[in-house]
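Structure data (CSV, C-alpha atoms) from upload.csv:
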```csv
chain,number,residue,atom,x,y,z
A,814,MET,CA,0.0,0.0,0.0
A,815,ASN,CA,1.1,3.6,-0.6
A,816,TRP,CA,1.0,6.1,2.2
A,817,LYS,CA,1.6,9.9,2.3
A,818,LEU,CA,4.3,10.7,4.8
A,819,ASP,CA,2.1,12.6,7.2
A,820,GLU,CA,-0.5,9.8,7.2
A,821,ALA,CA,2.2,7.2,7.7
A,822,GLN,CA,3.5,9.1,10.7
A,823,GLN,CA,0.0,9.3,12.3
A,824,LYS,CA,-0.8,5.7,11.6
A,825,LEU,CA,2.6,4.0,12.2
A,826,PRO,CA,1.1,1.0,14.0
A,827,GLU,CA,-1.2,0.3,11.1
A,828,VAL,CA,1.7,0.7,8.6
A,829,ILE,CA,3.8,-1.8,10.6
A,830,ASP,CA,1.0,-4.3,10.8
A,831,ALA,CA,0.4,-4.0,7.0
A,832,ILE,CA,3.9,-5.2,6.1
A,833,ALA,CA,2.8,-8.7,6.8
A,834,SER,CA,0.8,-8.7,3.6
A,835,GLU,CA,3.0,-6.4,1.4
A,836,PRO,CA,5.7,-3.8,1.5
A,837,GLN,CA,4.5,-0.3,2.5
A,838,LEU,CA,5.6,2.6,0.4
A,839,ILE,CA,5.8,6.1,1.8
A,840,PHE,CA,5.7,9.1,-0.4
A,841,ASN,CA,6.4,12.8,0.2
A,842,GLN,CA,4.9,15.0,-2.5
A,843,ASP,CA,4.7,12.1,-5.0
A,844,LYS,CA,8.4,11.1,-4.3
A,845,LEU,CA,9.1,7.7,-2.8
A,846,VAL,CA,11.0,8.4,0.4
A,847,ALA,CA,10.8,5.0,2.3
A,848,ALA,CA,9.7,1.4,2.0
A,849,ILE,CA,8.9,-0.6,5.0
A,850,ILE,CA,9.3,-4.4,4.6
A,851,GLU,CA,9.3,-7.5,6.7
A,852,PRO,CA,12.5,-8.0,8.7
A,853,LYS,CA,13.1,-11.4,7.0
A,854,LEU,CA,13.0,-9.8,3.5
A,855,PHE,CA,15.4,-7.2,4.6
A,856,GLN,CA,17.8,-9.8,6.1
A,857,ASP,CA,17.6,-11.7,2.8
A,858,PHE,CA,18.4,-8.5,0.9
A,859,LEU,CA,21.4,-7.8,3.2
A,860,ALA,CA,22.8,-11.3,2.7
A,861,TRP,CA,22.4,-11.0,-1.1
A,862,HIS,CA,24.0,-7.5,-1.1
A,863,GLN,CA,27.0,-8.8,0.9
A,864,GLN,CA,27.3,-11.7,-1.5
A,865,GLN,CA,27.5,-9.2,-4.4
A,866,LYS,CA,30.5,-7.5,-2.8
A,867,VAL,CA,32.5,-10.7,-2.7
A,868,SER,CA,35.5,-10.4,-5.1
A,869,TYR,CA,36.8,-13.3,-7.0
A,870,LEU,CA,40.3,-14.0,-8.1
A,871,ALA,CA,39.1,-14.2,-11.7
A,872,ASP,CA,37.8,-10.6,-11.4
```
Exercise: express the given structure as structure tokens:
Amino acid sequence: MNWKLDEAQQKLPEVIDAIASEPQLIFNQDKLVAAIIEPKLFQDFLAWHQQQKVSYLAD
């Protein structure tokens, strides 16, 4: 779901509850400023990101 920044600030508990079903996108004047996602998805992203930084001898 998409939220306006001021609305997301006022309804933070609802925003956090909603991440169970889908990432919550927060906009400020039609510009995406934040995405709130499940912790597991974020941990998976961090692991993937770290793996991308691994340098190989062939490189």
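Of note, CA of Glu820 (chain A) and CA of Phe855 (chain A) are spaced 23.4 Å apart.
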* Selection: 7 Å around Ile832 (chain A), all atoms listed in the file, excl. self and same-chain fewer than 6 positions, as an MDAnalysis selection string -> chainID A and resid 849:851
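A straight line drawn from CA of Leu838 (chain A) to CA of Trp816 (chain A) is 6.1 Å long.
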* Gap from CA of Lys866 (chain A) to CA of Leu854 (chain A) - Å, one decimal -> 18.7 Å
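For the residues A:Ala833, A:Val828, A:Val867, A:Leu818, ranking by smallest atom-to-atom distance to Pro852 (chain A) using all atoms listed in the file places A:Ala833 first.
Minimum distance to Leu825 (chain A) across A:Asp857, A:Gln837, A:His862, A:Val846 (counting only C-alpha atoms) occurs at A:Gln837.
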